[in-house]
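What follows is a set of notes on a single structure, which appears directly below.
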Amino acid sequence: MLAPKSPRLPEPRIPDGVTGKELDRTVFLQLRTLSKENAEGVAQHLVMAAATLEADDLDAALAHAETAVRRAGRVPAAREALGMVAYRQGDFARALTEFRTARRLSGSNHLLPLMVDCERGLGRHGRALELAASPEARTLSEAERTELAIVVSGIRRDLGQDDAALVALQVPALRRGPSAGVFRLHYAYADALLGLGREDEAREWFAKAVAGDTEGETDAVERLEELDGVVVELGEDEDDDRPGAEAGSEGAAGAEGAAGATGAAGSAGATGAAGSAGAAGSEGAAPAPTEGRDLRE
């Protein structure tokens, strides 16, 4: 007997104005094997997966990415988008599966840094280092090799190999100035120096990270202030004894805590889901990038 078909899951709503044409042309070309109607629908869900991921609405991003995969399971961008959502959720096993599938379908190795970080997230440091040293890693662009270096450095620090962690970051891009967009590399290098107790050098590299991080995606400013002995205290105001002043302070603190800092790693969005989905204007989710684990330092 034939097994009964599973009921079709409802698809998340597409807001008015989202046409799917916002996708990068190279991603849209992947949809040519689909019918015109299906291609338009998948494109819309990919755009929404990128937009909601950038807005940190992971539930909505997952719904759109899963819908895209159900409708176009052999389209690399759809599998990559689902992998990125899983990655941001910390589901590294699922993310790694999706990234492997996207890599097999596309023949591209650009997801290698994320795959290495997934292995790291699963606690398989040896396998992560093997993948990072594979011949495929030599085919990466300079930006991708830089992201891979940051991940490898983090793995070395996980293993207590602080000297090796510093060496891993000594890639050609490290010599670029703050305006070259390598502030995450400068930040990671400063942090590695600090781990070795080389505070003066760490301060110099944190300063470079601050100069390059114009959007405040890292906490380099706070790290630099800490090294300089600057302590910011939220002291009591002279008017705090006014009726309702204390309650107002607590409300502000609660709002600040709820907002949460997304942090440096989310700026890894150069290889993030918004980039993989190809939505216009999406460099960082880095992420960038959350103080989550997107290409974690």
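In the structure tokens, each chain is lettered A, B, ... as it comes, each chain's residues begin at 1, and ligands are numbered from 1 in order of appearance.
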
All residues 12 Å or closer to Ala164 of chain A, only C-alpha atoms, same chain fewer than 5 positions away omitted, as a list in words:
Ala149, Ile150, Val152, Ser153, Gly154, Ile155, Arg156, Arg157, Asp158, Leu159, Leu169, Gln170, Tyr189, Ala192, Leu193, Gly195 and Leu196 of chain A

So that I can see what lies close to Asp191 of chain A, please list as a count of residues only the residues with an atom at most 12 Å from it, counting only C-alpha atoms and leaving out residues fewer than 6 positions away in the same chain.
29

I want to know what sits within 9 Å of segment 67-69 of chain A, based on only C-alpha atoms, with residues of the same chain fewer than 5 positions away left out; could you give that as a PyMOL selection string?
chain A and resi 9-12+41-46+49+62+74-75+78-79+81-82

For segment 134-140 of chain A, find every residue with an atom within 9 Å (counting only C-alpha atoms), except residues of its own chain fewer than 5 positions away, and show them as a ChimeraX atom specification.
/A:109-110,112-113,129,145,148

Skip Leu122 of chain A itself and residues of its chain fewer than 6 positions away, then list as number ranges by chain all residues within 10 Å of it, counting only C-alpha atoms.
A: 90-93, 96, 116, 128

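Computed from the coordinates, the atom CA of Arg13 of chain A to atom CA of Val47 of chain A distance equals 12.3 Å.
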
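Residues of segment 133-186 of chain A carrying a DSSP assignment of alpha helix (DSSP H), computed from the backbone, are Glu142, Ala143, Glu144, Arg145, Thr146, Glu147, Leu148, Ala149, Ile150, Val151, Val152, Ser153, Gly154, Ile155, Arg156, Arg157, Asp158, Asp162, Asp163, Ala164, Ala165, Leu166, Val167, Ala168, Phe183, Arg184, Leu185 and His186 of chain A.
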
C-alpha atoms of the current selection, written as a PDB file, in the first residue's frame:
ATOM      1  CA  GLU A 142      41.587  36.336  -0.383  1.00  0.00           C
ATOM      2  CA  ALA A 143      38.545  37.426   1.638  1.00  0.00           C
ATOM      3  CA  GLU A 144      37.504  33.803   2.134  1.00  0.00           C
ATOM      4  CA  ARG A 145      41.028  32.788   3.144  1.00  0.00           C
ATOM      5  CA  THR A 146      40.987  35.596   5.696  1.00  0.00           C
ATOM      6  CA  GLU A 147      37.749  34.302   7.209  1.00  0.00           C
ATOM      7  CA  LEU A 148      39.218  30.805   7.260  1.00  0.00           C
ATOM      8  CA  ALA A 149      42.302  32.101   9.068  1.00  0.00           C
ATOM      9  CA  ILE A 150      40.092  33.627  11.777  1.00  0.00           C
ATOM     10  CA  VAL A 151      38.310  30.309  12.265  1.00  0.00           C
ATOM     11  CA  VAL A 152      41.571  28.327  12.363  1.00  0.00           C
ATOM     12  CA  SER A 153      42.981  30.753  14.910  1.00  0.00           C
ATOM     13  CA  GLY A 154      39.927  30.191  17.088  1.00  0.00           C
ATOM     14  CA  ILE A 155      40.397  26.429  16.844  1.00  0.00           C
ATOM     15  CA  ARG A 156      44.019  26.726  17.923  1.00  0.00           C
ATOM     16  CA  ARG A 157      42.972  28.792  20.930  1.00  0.00           C
ATOM     17  CA  ASP A 158      40.333  26.201  21.794  1.00  0.00           C
ATOM     18  CA  ASP A 162      47.981  30.326  21.653  1.00  0.00           C
ATOM     19  CA  ASP A 163      51.212  30.798  19.689  1.00  0.00           C
ATOM     20  CA  ALA A 164      49.813  28.830  16.759  1.00  0.00           C
ATOM     21  CA  ALA A 165      46.615  30.877  16.977  1.00  0.00           C
ATOM     22  CA  LEU A 166      48.613  34.045  16.413  1.00  0.00           C
ATOM     23  CA  VAL A 167      50.581  32.559  13.525  1.00  0.00           C
ATOM     24  CA  ALA A 168      47.359  31.428  11.828  1.00  0.00           C
ATOM     25  CA  PHE A 183      38.830  45.032  10.851  1.00  0.00           C
ATOM     26  CA  ARG A 184      37.660  41.586  11.956  1.00  0.00           C
ATOM     27  CA  LEU A 185      41.105  40.190  11.171  1.00  0.00           C
ATOM     28  CA  HIS A 186      42.734  43.057  13.076  1.00  0.00           C
TER      29      HIS A 186
END

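With atom CA of Ala63 of chain A on one side and atom CA of Arg104 of chain A on the other, the separation reads 23.4 Å.
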